[in-house]
Every structure is written in C-alpha cells, then in structure tokens.
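S.K.: Take a look at this one; I'll ask things after.
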Amino acid sequence: GVPQRINAAKLADNALFNPGSDRTGWFEGLDYVPLGTELRIDPAGTTERRYYDLYSLPKVRLGSDAEYLEAAHGLLAEGTRAALRGARRPAIMLSGGLDSPQVAAKALAALPAGSQLHAFTFTPEPGWDGHVGAGQFGDERPFVEAFAAQHPGLVTHFEDNAGSGFDAGMAELFFATGSAAINQTNFSHFHALWRGARAAGCDVVLGADYGNFTFSAEGGWGFPEYLLRGRWRQLYLALRHAEDDGRSFLRRFLALCVLPFLPAPLWHWQRRVRGQPDIFAIASPLRADYAQASGALDRARRAGQPVRRWPELGRSSEFELFQRNDHCDIMHGFEQIYGLPQRDPTAYRPFVEFCLGLPTELFLRDGQTRWLAREMARGIMPEAQRLEVRHGRHGAHHAGRYDRRH
C-alpha cells in the first residue's frame, strides 16, 4: 500500500557513483534492513538490534601456509557442495580468471562421477578491434578452453551477444529489480549467458562474484600497511612489482604508501593540482547545478565519491562498498527474469569470515598480488592462467555497440 514514489536522493547519489547507505531504499518510505540487524515491531514502536557484525570477527591465524591453504580449500569445497544441494543439472558463469574456475573445479569434484557442468562465458562479438586498456585482456575464451581441457566434465558454451546493444535487457532488469543501481548497466552481456543456461535445461547457476573480495583480493591495502608495520622487504617488493605502474619508484611510494593517509580535503586537492580527471564531469548524467542544490554532491564528498581512494586504508571499506551497491538486487532480477536460482560459493559465510580474518601477507606477498588464490589454483588451471596479472575486460566490444547506435 505504500505509494511508488522514487527516492530522488538515492537516484541522484547513484548518478554520482555513490551507493549511499545500506538502509536507503529506492522508493520513498521503504528502506532496507541492514545485514545482521534484527527489527522488533510492536504497537509501542520499532526497536533495532545489531546481532552480527562482519567486521568485528576475530582474526584468523594459523601455523603455516599449508594450513591456510588446506582450510581455504576445505571451506570453498564446503560452500560449493552447499550451493549444489538439490541441483541435477548445474551451470556456472565461467571466466578466464582465478575465481570461477576454482568454483568449477570444486563443483566437478562434488558432482557424481560422470556428471557434466555446463559453463557459460561471454566473448567479444565478431569484428571486435582487439582494443583494451593497459593491464587488460578482452577475450576470455583461450583461458577457458585451456582450463576445460584439464577438466573433461566441463561443457563450454560461448556467447558473443552479436548484434545486441549495450543496453540489452536493461528494461527487463529495471522492471525486475525496481532499482537503477550504478553498476546495472554493466550486465547487458550476461543476458545471453542466462538464456543459454535456461535453454540447456540447467536448474541452478553458480557464480563467483564475491571471489574478488574474499580469497582472490589483490591486497592493495598492503602498501600503506607494510609501511606502518615496518615490513620493508614486503613493501619494497610490492612497489617494485606494482602492476601496470610506469611511475618512478619514488612516485609509486608516495602514491601508494603516503597519499592514502592524507585527510580527504588534501587528497582531493592533490588530485586537482596534478590535473587528474573529474569523474563527475566525464560520466555523471546529473547537471552540476542539480548535483549541488540537491545535496548529492555534498553526500558524495562525505562518502569519498565520486573518486574512490586507492589503495584503501584497511580492507573493510572495499568489501563494505561491494555490499552497498545493490548487487544482490541485480542478481535477484536475473533469477526472476530467467526462472533460475543463482548461488555463489565464494559468498558462503564461513568462507567469507575466514578470508576477511586472514593476514595481508596472504594476499600481497613478495610483490605478487592475489597470492592466496594463485596458490590455491596450483594444479587446477594452466600456469599461464594462474600467473596472469591482467584483468578480463567485460564488454570489451562496447565501443562497436555505441557506433551502431549512432
């Protein structure tokens, strides 16, 4: 019975790349219940109690690397078995990275002998010019095919979304979610994968979206942390091998180890002095006068947006942002559109709690990022994939789609 009136403040915040709080809903008078929170409603009013806080959990400290790896493998396998419960014909969204292939390997190990796992991967459409940014690759197919060659139970499906627009499926997703999240426009190429899974008769879709925030986090927060802790060797190696960073060693040190400690006004000032791009001016659809008058600009600045500081001081802020960007609503939207449930073993709570409690050295060690995920991947995937430092570029052929619209 609540009137459907769009929350203009939340819409404006998202247009400034600010996901807002974990309470604010998309419609006036409707809010989210924050994770780990209990609400009691009675005639006297509403009381709230926070019964679970992911960031106050104890640290995880084990005796050796072997123990950490054994525990990580065990929890990820446990989460994968839980995700497969009741499934007869599972599918997985498979990339050429470190996360979903490890979930795929755990799923194949958990399925009855002789079972198949259908894997769906998007690739650039024909005619793609091959252009990607520094430190990226645009076609996941070679890595997926090499991985599949090691795992005969994997049935690969490649979708190139040829001929579709960059906004394919957006209207359906808007209606299914009732939201307009800042990252919703990045999911057009997933529709073909979901259609493929449904056409193949699959009954559950596995994903690994939380992998980047759990076992395969890059460990960028380690730069300032190693400086504070006096871990000079680790700091030196991390700076020396910083990926896709052509700056001098001194400039890397200042940017990655010193600038993160600046107060927000000084941090933004130094960006302006150095002529760094204004993300608001480049990409936000809001008029500058409305952004100012509506308070959206002030809210964004208080939240450190629209330009996020990197590296972060500590790990929790990055994970917290992931939880506040309406990603779960988007996933529920796909479930509603295609009638298939999606489950993410890397979001299995015991696994998340374990990974968030781990020391930084398990993520950024000896100059290597994502150390834990790479060690877990030994023997599971080809070495070229395990040691690849470039990131897959989702929607690498978007430029061609823009051209078709003009």
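Chain labels follow the order of the structure tokens: the first chain is A, the next B, and so on; residue numbering restarts at 1 in every chain, and ligands are counted from 1 in their shown order.
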Write out, as a tab-separated table, each residue of range 134-192 of chain A that has an atom at most 9 Å from range 94-98 of chain A, together with the closest pair of atoms and their distance in Å to one decimal, counting only C-alpha atoms, rows going by chain and rising number.

M.R.:
```
residue	atom	partner	partner_atom	distance
A:Asp139	CA	A:Gly96	CA	8.5
A:Glu140	CA	A:Gly96	CA	4.9
A:Arg141	CA	A:Gly96	CA	7.1
A:Pro142	CA	A:Gly96	CA	7.8
A:Phe143	CA	A:Gly96	CA	4.9
A:Val144	CA	A:Gly96	CA	5.2
A:Glu145	CA	A:Gly96	CA	8.9
A:Phe147	CA	A:Gly96	CA	8.2
A:Thr156	CA	A:Leu94	CA	8.8
```

S.K.: Kindly export the residues of the current selection with all heavy atoms, as a compact mmCIF listing (two decimals), in the first residue's frame.

M.R.:
```txt
# COMPACT_ATOMS: atom_id res chain seq x y z
N ASP A 139 39.35 -11.13 -24.40
CA ASP A 139 38.72 -12.39 -24.80
C ASP A 139 39.07 -13.47 -23.79
O ASP A 139 40.23 -13.87 -23.67
CB ASP A 139 39.20 -12.78 -26.20
CG ASP A 139 38.40 -13.94 -26.79
OD1 ASP A 139 37.55 -14.51 -26.06
OD2 ASP A 139 38.63 -14.29 -27.96
N GLU A 140 38.06 -13.95 -23.09
CA GLU A 140 38.28 -14.98 -22.06
C GLU A 140 38.41 -16.38 -22.66
O GLU A 140 38.83 -17.32 -21.99
CB GLU A 140 37.09 -14.99 -21.09
CG GLU A 140 36.63 -13.62 -20.61
CD GLU A 140 37.12 -13.28 -19.23
OE1 GLU A 140 37.73 -14.15 -18.58
OE2 GLU A 140 36.89 -12.14 -18.79
N ARG A 141 38.03 -16.53 -23.91
CA ARG A 141 37.89 -17.87 -24.49
C ARG A 141 39.17 -18.72 -24.43
O ARG A 141 39.11 -19.90 -24.04
CB ARG A 141 37.39 -17.76 -25.93
CG ARG A 141 37.13 -19.11 -26.58
CD ARG A 141 36.38 -18.97 -27.89
NE ARG A 141 35.95 -20.26 -28.39
CZ ARG A 141 34.84 -20.47 -29.08
NH1 ARG A 141 34.04 -19.44 -29.34
NH2 ARG A 141 34.52 -21.66 -29.51
N PRO A 142 40.34 -18.20 -24.82
CA PRO A 142 41.54 -19.06 -24.77
C PRO A 142 41.81 -19.63 -23.39
O PRO A 142 42.16 -20.82 -23.26
CB PRO A 142 42.66 -18.12 -25.23
CG PRO A 142 41.97 -17.08 -26.06
CD PRO A 142 40.65 -16.87 -25.41
N PHE A 143 41.66 -18.83 -22.34
CA PHE A 143 41.88 -19.34 -20.99
C PHE A 143 40.83 -20.38 -20.61
O PHE A 143 41.15 -21.41 -20.01
CB PHE A 143 41.86 -18.19 -19.98
CG PHE A 143 43.12 -17.37 -19.93
CD1 PHE A 143 43.06 -15.99 -19.97
CD2 PHE A 143 44.36 -17.98 -19.85
CE1 PHE A 143 44.21 -15.23 -19.92
CE2 PHE A 143 45.52 -17.23 -19.80
CZ PHE A 143 45.45 -15.85 -19.84
N VAL A 144 39.57 -20.11 -20.97
CA VAL A 144 38.51 -21.06 -20.62
C VAL A 144 38.70 -22.38 -21.35
O VAL A 144 38.54 -23.46 -20.77
CB VAL A 144 37.13 -20.45 -20.94
CG1 VAL A 144 36.03 -21.49 -20.82
CG2 VAL A 144 36.84 -19.26 -20.01
N GLU A 145 39.08 -22.33 -22.61
CA GLU A 145 39.29 -23.57 -23.37
C GLU A 145 40.46 -24.37 -22.81
O GLU A 145 40.39 -25.61 -22.70
CB GLU A 145 39.52 -23.24 -24.84
CG GLU A 145 38.26 -22.76 -25.55
CD GLU A 145 38.49 -22.44 -27.01
OE1 GLU A 145 39.64 -22.08 -27.37
OE2 GLU A 145 37.54 -22.54 -27.79
N PHE A 147 41.52 -24.27 -19.70
CA PHE A 147 41.07 -24.80 -18.42
C PHE A 147 40.16 -26.01 -18.63
O PHE A 147 40.28 -27.03 -17.95
CB PHE A 147 40.33 -23.71 -17.66
CG PHE A 147 39.69 -24.16 -16.38
CD1 PHE A 147 40.47 -24.39 -15.24
CD2 PHE A 147 38.33 -24.39 -16.30
CE1 PHE A 147 39.88 -24.82 -14.06
CE2 PHE A 147 37.74 -24.82 -15.12
CZ PHE A 147 38.51 -25.04 -14.01
N THR A 156 31.53 -26.42 -22.35
CA THR A 156 31.66 -24.97 -22.53
C THR A 156 30.65 -24.44 -23.54
O THR A 156 30.35 -25.08 -24.54
CB THR A 156 33.08 -24.59 -22.98
OG1 THR A 156 33.40 -25.32 -24.18
CG2 THR A 156 34.09 -24.92 -21.90
```

S.K.: Between range 50-88 of chain A and range 365-389 of chain A, at 12 Å or less, what are the per-residue closest atom pairs and their distances in Å? Count only C-alpha atoms, order by chain and rising residue number, and return it as JSON lines.

M.R.:
```
{"residue": "A:Asp65", "atom": "CA", "partner": "A:Leu372", "partner_atom": "CA", "distance": 9.2}
{"residue": "A:Ala66", "atom": "CA", "partner": "A:Glu375", "partner_atom": "CA", "distance": 10.0}
{"residue": "A:Glu67", "atom": "CA", "partner": "A:Met376", "partner_atom": "CA", "distance": 11.8}
{"residue": "A:Tyr68", "atom": "CA", "partner": "A:Leu372", "partner_atom": "CA", "distance": 8.7}
{"residue": "A:Leu69", "atom": "CA", "partner": "A:Met376", "partner_atom": "CA", "distance": 6.5}
{"residue": "A:Glu70", "atom": "CA", "partner": "A:Met376", "partner_atom": "CA", "distance": 8.9}
{"residue": "A:Ala71", "atom": "CA", "partner": "A:Met376", "partner_atom": "CA", "distance": 10.6}
{"residue": "A:Ala72", "atom": "CA", "partner": "A:Met376", "partner_atom": "CA", "distance": 8.0}
{"residue": "A:His73", "atom": "CA", "partner": "A:Met376", "partner_atom": "CA", "distance": 7.1}
{"residue": "A:Gly74", "atom": "CA", "partner": "A:Met376", "partner_atom": "CA", "distance": 10.9}
{"residue": "A:Leu76", "atom": "CA", "partner": "A:Met376", "partner_atom": "CA", "distance": 10.4}
{"residue": "A:Ala77", "atom": "CA", "partner": "A:Met376", "partner_atom": "CA", "distance": 11.8}
```

S.K.: A:Leu75, A:Leu54, A:Ala15, A:Leu297: which is nearest Ser284 in chain A, counting only C-alpha atoms?

M.R.: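 Nearest to Ser284 in chain A: A:Ala15.
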
S.K.: Based on DSSP run over this structure's backbone, return all residues of range 154-322 of chain A in strand (DSSP E or B), as a list of chain:residue names.

M.R.: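 Residues of range 154-322 of chain A classed as strand (DSSP E or B): A:Leu154, A:Val155, A:Thr156, A:His157, A:Phe158, A:Glu159, A:Val204, A:Val205, A:Leu206.
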
S.K.: Once you count only C-alpha atoms, what closest atom pair and distance in Å to one decimal does each residue of range 64-137 of chain A within 10 Å of range 243-251 of chain A have, with rows by chain and rising residue number, as JSON lines?

M.R.:
```
{"residue": "A:Ala134", "atom": "CA", "partner": "A:Asp244", "partner_atom": "CA", "distance": 6.9}
{"residue": "A:Gly135", "atom": "CA", "partner": "A:Asp244", "partner_atom": "CA", "distance": 6.0}
{"residue": "A:Gln136", "atom": "CA", "partner": "A:Asp244", "partner_atom": "CA", "distance": 9.7}
```

S.K.: Keeping only N, CA and C atoms, write the selected residues as a PDB file, in the first residue's frame.

M.R.:
```
ATOM      1  N   ALA A 134      45.324  -0.740 -20.745  1.00  0.00           N
ATOM      2  CA  ALA A 134      46.542  -1.330 -20.189  1.00  0.00           C
ATOM      3  C   ALA A 134      46.187  -2.285 -19.060  1.00  0.00           C
ATOM      4  N   GLY A 135      46.859  -3.424 -19.041  1.00  0.00           N
ATOM      5  CA  GLY A 135      46.636  -4.400 -17.976  1.00  0.00           C
ATOM      6  C   GLY A 135      45.351  -5.187 -18.109  1.00  0.00           C
ATOM      7  N   GLN A 136      44.787  -5.255 -19.320  1.00  0.00           N
ATOM      8  CA  GLN A 136      43.530  -5.963 -19.525  1.00  0.00           C
ATOM      9  C   GLN A 136      43.648  -6.935 -20.694  1.00  0.00           C
TER      10      GLN A 136
END
```

S.K.: Tell me which protein, DNA and RNA residues are within 6 Å of Ala119 in chain A, counting only C-alpha atoms, leaving out same-chain ones fewer than 3 positions away, and put them as a PDB file with N, CA and C atoms, in the first residue's frame.

M.R.:
```pdb
ATOM      1  N   ALA A  91      24.862 -25.159 -13.793  1.00  0.00           N
ATOM      2  CA  ALA A  91      25.627 -24.334 -14.726  1.00  0.00           C
ATOM      3  C   ALA A  91      26.534 -23.426 -13.920  1.00  0.00           C
ATOM      4  N   ILE A  92      27.524 -22.855 -14.602  1.00  0.00           N
ATOM      5  CA  ILE A  92      28.401 -21.889 -13.942  1.00  0.00           C
ATOM      6  C   ILE A  92      28.755 -20.783 -14.925  1.00  0.00           C
ATOM      7  N   MET A  93      28.792 -19.552 -14.424  1.00  0.00           N
ATOM      8  CA  MET A  93      29.296 -18.427 -15.199  1.00  0.00           C
ATOM      9  C   MET A  93      30.824 -18.465 -15.090  1.00  0.00           C
ATOM     10  N   LEU A  94      31.493 -18.828 -16.172  1.00  0.00           N
ATOM     11  CA  LEU A  94      32.928 -19.126 -16.115  1.00  0.00           C
ATOM     12  C   LEU A  94      33.738 -18.078 -16.860  1.00  0.00           C
ATOM     13  N   VAL A 155      31.385 -28.648 -19.881  1.00  0.00           N
ATOM     14  CA  VAL A 155      30.799 -28.421 -21.202  1.00  0.00           C
ATOM     15  C   VAL A 155      30.742 -26.915 -21.428  1.00  0.00           C
ATOM     16  N   THR A 156      31.533 -26.417 -22.353  1.00  0.00           N
ATOM     17  CA  THR A 156      31.663 -24.972 -22.527  1.00  0.00           C
ATOM     18  C   THR A 156      30.653 -24.436 -23.536  1.00  0.00           C
ATOM     19  N   HIS A 157      30.146 -23.243 -23.253  1.00  0.00           N
ATOM     20  CA  HIS A 157      29.250 -22.508 -24.143  1.00  0.00           C
ATOM     21  C   HIS A 157      29.778 -21.077 -24.215  1.00  0.00           C
TER      22      HIS A 157
END
```

S.K.: For CA of Arg240 in chain A and CA of Gly133 in chain A, determine how far apart the two atoms are, in Å to one decimal place.

M.R.: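 Computing it gives 21.4 Å between the two atoms.
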
S.K.: Set the distance at 9 Å and use only C-alpha atoms: which residues neighbour range 221-237 of chain A once local chain neighbours fewer than 2 positions away are removed? I'd like the list as a list in words.

M.R.: Glu218, Gly219, Leu239, Arg240, His241, Ala242, Phe253, Leu256, Cys257, Val258, Leu259, Pro260, Phe261, Trp310, Pro311, Glu312, Leu313, Gly314, Arg315, Thr360, Glu361, Phe363, Leu364, Arg365, Asp366, Gly367 and Gln368 of chain A

S.K.: Name all residues at most 12 Å from Leu117 in chain A (count only C-alpha atoms; drop same-chain ones fewer than 2 positions away) and give them as a PyMOL selection string.

M.R.: chain A and resi 84+87-94+101+103-115+119-120+148+151-157+197+200-206

S.K.: Could you pull out the alpha helix (DSSP H) residues of range 238-325 of chain A from DSSP and send them as JSON, numbers by chain?

M.R.: {"A": [238, 239, 240, 249, 250, 251, 252, 253, 264, 265, 266, 267, 268, 269, 270, 271, 272, 273, 279, 280, 281, 282, 283, 288, 289, 290, 291, 292, 293, 296, 297, 298, 299, 300, 301, 302, 316, 317, 318, 319, 320, 321, 322, 323]}

S.K.: Put those residues in a file: N, CA and C atoms, as a CSV table (one decimal), in the first residue's frame.

M.R.:
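File written: selection30.csv
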```csv
chain,number,residue,atom,x,y,z
A,238,ALA,N,56.5,-5.1,-3.2
A,238,ALA,CA,55.2,-4.7,-3.6
A,238,ALA,C,55.3,-3.5,-4.6
A,239,LEU,N,56.2,-2.6,-4.2
A,239,LEU,CA,56.3,-1.4,-5.0
A,239,LEU,C,57.1,-1.7,-6.3
A,240,ARG,N,58.1,-2.5,-6.2
A,240,ARG,CA,58.9,-2.9,-7.4
A,240,ARG,C,58.0,-3.6,-8.4
A,249,PHE,N,60.0,4.8,-8.9
A,249,PHE,CA,59.8,4.1,-7.6
A,249,PHE,C,59.4,5.1,-6.5
A,250,LEU,N,60.0,6.3,-6.6
A,250,LEU,CA,59.6,7.3,-5.6
A,250,LEU,C,58.1,7.7,-5.7
A,251,ARG,N,57.7,7.9,-6.9
A,251,ARG,CA,56.3,8.3,-7.1
A,251,ARG,C,55.3,7.2,-6.7
A,252,ARG,N,55.7,6.0,-7.0
A,252,ARG,CA,54.9,4.9,-6.5
A,252,ARG,C,54.8,4.9,-5.0
A,253,PHE,N,55.9,5.1,-4.4
A,253,PHE,CA,55.9,5.1,-2.9
A,253,PHE,C,55.0,6.2,-2.4
A,264,ALA,N,40.8,13.8,3.6
A,264,ALA,CA,40.1,13.8,2.4
A,264,ALA,C,40.3,15.1,1.6
A,265,PRO,N,40.2,16.3,2.3
A,265,PRO,CA,40.3,17.6,1.5
A,265,PRO,C,41.7,17.7,0.8
A,266,LEU,N,42.7,17.3,1.6
A,266,LEU,CA,44.1,17.3,1.0
A,266,LEU,C,44.2,16.3,-0.2
A,267,TRP,N,43.6,15.1,0.0
A,267,TRP,CA,43.7,14.1,-1.0
A,267,TRP,C,43.1,14.6,-2.3
A,268,HIS,N,41.9,15.2,-2.2
A,268,HIS,CA,41.2,15.7,-3.4
A,268,HIS,C,42.0,16.9,-4.0
A,269,TRP,N,42.6,17.7,-3.1
A,269,TRP,CA,43.3,18.9,-3.6
A,269,TRP,C,44.5,18.4,-4.4
A,270,GLN,N,45.2,17.4,-4.0
A,270,GLN,CA,46.4,17.0,-4.7
A,270,GLN,C,46.0,16.4,-6.1
A,271,ARG,N,44.8,15.8,-6.2
A,271,ARG,CA,44.4,15.3,-7.5
A,271,ARG,C,44.1,16.5,-8.4
A,272,ARG,N,43.5,17.6,-7.9
A,272,ARG,CA,43.2,18.7,-8.8
A,272,ARG,C,44.5,19.4,-9.2
A,273,VAL,N,45.5,19.5,-8.3
A,273,VAL,CA,46.8,20.1,-8.6
A,273,VAL,C,47.5,19.3,-9.7
A,279,ILE,N,35.8,12.7,-12.5
A,279,ILE,CA,34.8,11.7,-12.9
A,279,ILE,C,33.4,12.2,-13.1
A,280,PHE,N,33.0,13.1,-12.2
A,280,PHE,CA,31.7,13.7,-12.3
A,280,PHE,C,31.5,14.4,-13.6
A,281,ALA,N,32.5,15.2,-14.0
A,281,ALA,CA,32.3,15.9,-15.3
A,281,ALA,C,32.3,15.0,-16.5
A,282,ILE,N,33.0,13.9,-16.4
A,282,ILE,CA,33.1,13.0,-17.5
A,282,ILE,C,31.9,12.1,-17.7
A,283,ALA,N,31.4,11.6,-16.6
A,283,ALA,CA,30.4,10.5,-16.7
A,283,ALA,C,29.1,10.6,-16.0
A,288,ALA,N,25.3,19.9,-13.1
A,288,ALA,CA,26.1,20.4,-11.9
A,288,ALA,C,25.3,21.2,-10.9
A,289,ASP,N,24.3,22.0,-11.4
A,289,ASP,CA,23.5,22.8,-10.5
A,289,ASP,C,22.6,21.9,-9.7
A,290,TYR,N,22.1,20.9,-10.3
A,290,TYR,CA,21.2,20.0,-9.5
A,290,TYR,C,22.0,19.2,-8.5
A,291,ALA,N,23.2,18.7,-8.9
A,291,ALA,CA,24.0,17.9,-8.0
A,291,ALA,C,24.3,18.7,-6.8
A,292,GLN,N,24.5,20.0,-6.9
A,292,GLN,CA,24.9,20.9,-5.8
A,292,GLN,C,23.6,21.2,-5.0
A,293,ALA,N,22.5,21.6,-5.6
A,293,ALA,CA,21.3,22.0,-4.9
A,293,ALA,C,20.6,20.9,-4.2
A,296,ALA,N,23.4,16.1,-3.4
A,296,ALA,CA,24.0,14.9,-3.8
A,296,ALA,C,25.6,15.0,-3.8
A,297,LEU,N,26.0,16.2,-4.2
A,297,LEU,CA,27.5,16.4,-4.3
A,297,LEU,C,28.1,16.4,-2.9
A,298,ASP,N,27.4,17.0,-1.9
A,298,ASP,CA,28.0,17.0,-0.6
A,298,ASP,C,28.0,15.6,0.0
A,299,ARG,N,26.9,14.9,-0.3
A,299,ARG,CA,26.8,13.5,0.2
A,299,ARG,C,27.9,12.6,-0.4
A,300,ALA,N,28.2,12.8,-1.7
A,300,ALA,CA,29.2,12.1,-2.4
A,300,ALA,C,30.6,12.4,-1.8
A,301,ARG,N,30.8,13.7,-1.5
A,301,ARG,CA,32.1,14.1,-1.0
A,301,ARG,C,32.4,13.5,0.4
A,302,ARG,N,31.3,13.5,1.2
A,302,ARG,CA,31.4,12.9,2.6
A,302,ARG,C,31.7,11.4,2.5
A,316,SER,N,38.4,-3.4,4.9
A,316,SER,CA,36.9,-3.5,5.1
A,316,SER,C,36.2,-2.5,4.2
A,317,SER,N,36.7,-1.3,3.9
A,317,SER,CA,36.0,-0.3,3.2
A,317,SER,C,35.6,-0.8,1.8
A,318,GLU,N,36.5,-1.6,1.1
A,318,GLU,CA,36.3,-2.1,-0.2
A,318,GLU,C,35.2,-3.1,-0.1
A,319,PHE,N,35.2,-4.0,0.8
A,319,PHE,CA,34.2,-5.1,0.9
A,319,PHE,C,32.8,-4.4,1.3
A,320,GLU,N,32.9,-3.4,2.1
A,320,GLU,CA,31.6,-2.8,2.5
A,320,GLU,C,31.0,-2.1,1.3
A,321,LEU,N,31.8,-1.5,0.5
A,321,LEU,CA,31.2,-0.9,-0.7
A,321,LEU,C,30.5,-1.9,-1.6
A,322,PHE,N,31.1,-3.1,-1.7
A,322,PHE,CA,30.5,-4.1,-2.5
A,322,PHE,C,29.1,-4.5,-2.0
A,323,GLN,N,29.0,-4.5,-0.7
A,323,GLN,CA,27.7,-4.9,-0.1
A,323,GLN,C,26.7,-3.8,-0.3
```

S.K.: Neighbours of Asp53 in chain A within 10 Å (only C-alpha atoms; same-chain residues fewer than 2 positions away dropped), as number ranges by chain?

M.R.: A: 35-37, 50-51, 55-57

S.K.: Would you export the selected residues with all heavy atoms as a PDB file, in the first residue's frame, please?

M.R.:
```pdb
ATOM      1  N   LEU A  35      22.213  -5.699   6.929  1.00  0.00           N
ATOM      2  CA  LEU A  35      22.655  -7.063   7.204  1.00  0.00           C
ATOM      3  C   LEU A  35      23.006  -7.217   8.678  1.00  0.00           C
ATOM      4  O   LEU A  35      23.604  -6.328   9.289  1.00  0.00           O
ATOM      5  CB  LEU A  35      23.878  -7.408   6.353  1.00  0.00           C
ATOM      6  CG  LEU A  35      23.655  -7.495   4.838  1.00  0.00           C
ATOM      7  CD1 LEU A  35      24.968  -7.790   4.138  1.00  0.00           C
ATOM      8  CD2 LEU A  35      22.638  -8.570   4.505  1.00  0.00           C
ATOM      9  N   GLY A  36      22.640  -8.359   9.229  1.00  0.00           N
ATOM     10  CA  GLY A  36      22.965  -8.636  10.625  1.00  0.00           C
ATOM     11  C   GLY A  36      22.170  -7.835  11.620  1.00  0.00           C
ATOM     12  O   GLY A  36      22.599  -7.664  12.766  1.00  0.00           O
ATOM     13  N   THR A  37      21.001  -7.341  11.220  1.00  0.00           N
ATOM     14  CA  THR A  37      20.196  -6.483  12.086  1.00  0.00           C
ATOM     15  C   THR A  37      18.828  -7.114  12.334  1.00  0.00           C
ATOM     16  O   THR A  37      18.210  -7.655  11.422  1.00  0.00           O
ATOM     17  CB  THR A  37      20.006  -5.094  11.453  1.00  0.00           C
ATOM     18  OG1 THR A  37      21.292  -4.511  11.244  1.00  0.00           O
ATOM     19  CG2 THR A  37      19.189  -4.187  12.348  1.00  0.00           C
ATOM     20  N   ARG A  50      21.626  -4.821  16.449  1.00  0.00           N
ATOM     21  CA  ARG A  50      22.650  -5.377  15.562  1.00  0.00           C
ATOM     22  C   ARG A  50      23.213  -6.619  16.229  1.00  0.00           C
ATOM     23  O   ARG A  50      23.906  -6.535  17.241  1.00  0.00           O
ATOM     24  CB  ARG A  50      23.748  -4.341  15.318  1.00  0.00           C
ATOM     25  CG  ARG A  50      24.811  -4.764  14.313  1.00  0.00           C
ATOM     26  CD  ARG A  50      24.252  -4.755  12.917  1.00  0.00           C
ATOM     27  NE  ARG A  50      25.252  -5.073  11.905  1.00  0.00           N
ATOM     28  CZ  ARG A  50      25.951  -4.161  11.235  1.00  0.00           C
ATOM     29  NH1 ARG A  50      25.768  -2.882  11.493  1.00  0.00           N
ATOM     30  NH2 ARG A  50      26.804  -4.530  10.315  1.00  0.00           N
ATOM     31  N   TYR A  51      22.915  -7.786  15.669  1.00  0.00           N
ATOM     32  CA  TYR A  51      23.340  -9.031  16.298  1.00  0.00           C
ATOM     33  C   TYR A  51      24.561  -9.658  15.629  1.00  0.00           C
ATOM     34  O   TYR A  51      25.135 -10.629  16.146  1.00  0.00           O
ATOM     35  CB  TYR A  51      22.199 -10.052  16.299  1.00  0.00           C
ATOM     36  CG  TYR A  51      21.778 -10.527  14.927  1.00  0.00           C
ATOM     37  CD1 TYR A  51      22.409 -11.598  14.303  1.00  0.00           C
ATOM     38  CD2 TYR A  51      20.742  -9.897  14.253  1.00  0.00           C
ATOM     39  CE1 TYR A  51      22.026 -12.022  13.052  1.00  0.00           C
ATOM     40  CE2 TYR A  51      20.340 -10.317  13.003  1.00  0.00           C
ATOM     41  CZ  TYR A  51      20.992 -11.382  12.402  1.00  0.00           C
ATOM     42  OH  TYR A  51      20.602 -11.798  11.148  1.00  0.00           O
ATOM     43  N   TYR A  55      32.671  -7.187  10.541  1.00  0.00           N
ATOM     44  CA  TYR A  55      33.980  -6.553  10.699  1.00  0.00           C
ATOM     45  C   TYR A  55      34.504  -6.595  12.133  1.00  0.00           C
ATOM     46  O   TYR A  55      35.548  -6.037  12.428  1.00  0.00           O
ATOM     47  CB  TYR A  55      33.898  -5.105  10.205  1.00  0.00           C
ATOM     48  CG  TYR A  55      33.379  -5.039   8.795  1.00  0.00           C
ATOM     49  CD1 TYR A  55      32.103  -4.566   8.522  1.00  0.00           C
ATOM     50  CD2 TYR A  55      34.142  -5.503   7.732  1.00  0.00           C
ATOM     51  CE1 TYR A  55      31.608  -4.536   7.226  1.00  0.00           C
ATOM     52  CE2 TYR A  55      33.661  -5.482   6.437  1.00  0.00           C
ATOM     53  CZ  TYR A  55      32.394  -4.996   6.191  1.00  0.00           C
ATOM     54  OH  TYR A  55      31.911  -4.983   4.908  1.00  0.00           O
ATOM     55  N   SER A  56      33.779  -7.256  13.005  1.00  0.00           N
ATOM     56  CA  SER A  56      34.273  -7.397  14.380  1.00  0.00           C
ATOM     57  C   SER A  56      34.616  -8.852  14.685  1.00  0.00           C
ATOM     58  O   SER A  56      34.738  -9.232  15.839  1.00  0.00           O
ATOM     59  CB  SER A  56      33.224  -6.880  15.371  1.00  0.00           C
ATOM     60  OG  SER A  56      32.038  -7.653  15.299  1.00  0.00           O
ATOM     61  N   LEU A  57      34.748  -9.651  13.648  1.00  0.00           N
ATOM     62  CA  LEU A  57      35.086 -11.063  13.839  1.00  0.00           C
ATOM     63  C   LEU A  57      36.558 -11.209  14.213  1.00  0.00           C
ATOM     64  O   LEU A  57      37.387 -10.356  13.877  1.00  0.00           O
ATOM     65  CB  LEU A  57      34.803 -11.838  12.547  1.00  0.00           C
ATOM     66  CG  LEU A  57      33.339 -11.840  12.095  1.00  0.00           C
ATOM     67  CD1 LEU A  57      33.228 -12.432  10.697  1.00  0.00           C
ATOM     68  CD2 LEU A  57      32.495 -12.649  13.071  1.00  0.00           C
TER      69      LEU A  57
END
```

S.K.: If we count only C-alpha atoms and set the cut-off at 12 Å, which residues sit around Glu38 in chain A, ignoring sequence neighbours fewer than 2 positions away in its own chain? Please answer as a list in words.

M.R.: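 Neighbouring residues, sequence-local ones excluded: Tyr32, Val33, Pro34, Leu35, Gly36, Arg40, Ile41, Thr46, Thr47, Glu48, Arg49, Arg50, Tyr51 and Tyr52 of chain A.
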
S.K.: In Å, with one decimal, what is the gap from CA of Phe351 in chain A to CA of Gly211 in chain A?

M.R.: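 About the pair CA of Phe351 in chain A and CA of Gly211 in chain A: they are 10.2 Å apart.
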
S.K.: Please report as JSON lines every residue of range 204-228 of chain A lying within 12 Å of range 338-348 of chain A, along with the nearest atom pair and their distance in Å (one decimal), using only C-alpha atoms.

M.R.:
```
{"residue": "A:Val204", "atom": "CA", "partner": "A:Pro341", "partner_atom": "CA", "distance": 5.2}
{"residue": "A:Val205", "atom": "CA", "partner": "A:Gln342", "partner_atom": "CA", "distance": 4.6}
{"residue": "A:Leu206", "atom": "CA", "partner": "A:Arg343", "partner_atom": "CA", "distance": 5.1}
{"residue": "A:Gly207", "atom": "CA", "partner": "A:Asp344", "partner_atom": "CA", "distance": 4.8}
{"residue": "A:Ala208", "atom": "CA", "partner": "A:Asp344", "partner_atom": "CA", "distance": 5.3}
{"residue": "A:Asp209", "atom": "CA", "partner": "A:Asp344", "partner_atom": "CA", "distance": 6.9}
{"residue": "A:Tyr210", "atom": "CA", "partner": "A:Thr346", "partner_atom": "CA", "distance": 5.3}
{"residue": "A:Gly211", "atom": "CA", "partner": "A:Thr346", "partner_atom": "CA", "distance": 5.4}
{"residue": "A:Asn212", "atom": "CA", "partner": "A:Thr346", "partner_atom": "CA", "distance": 9.0}
{"residue": "A:Phe213", "atom": "CA", "partner": "A:Thr346", "partner_atom": "CA", "distance": 8.9}
{"residue": "A:Thr214", "atom": "CA", "partner": "A:Thr346", "partner_atom": "CA", "distance": 7.1}
{"residue": "A:Phe215", "atom": "CA", "partner": "A:Thr346", "partner_atom": "CA", "distance": 8.0}
{"residue": "A:Ser216", "atom": "CA", "partner": "A:Thr346", "partner_atom": "CA", "distance": 9.9}
{"residue": "A:Ala217", "atom": "CA", "partner": "A:Thr346", "partner_atom": "CA", "distance": 11.8}
```
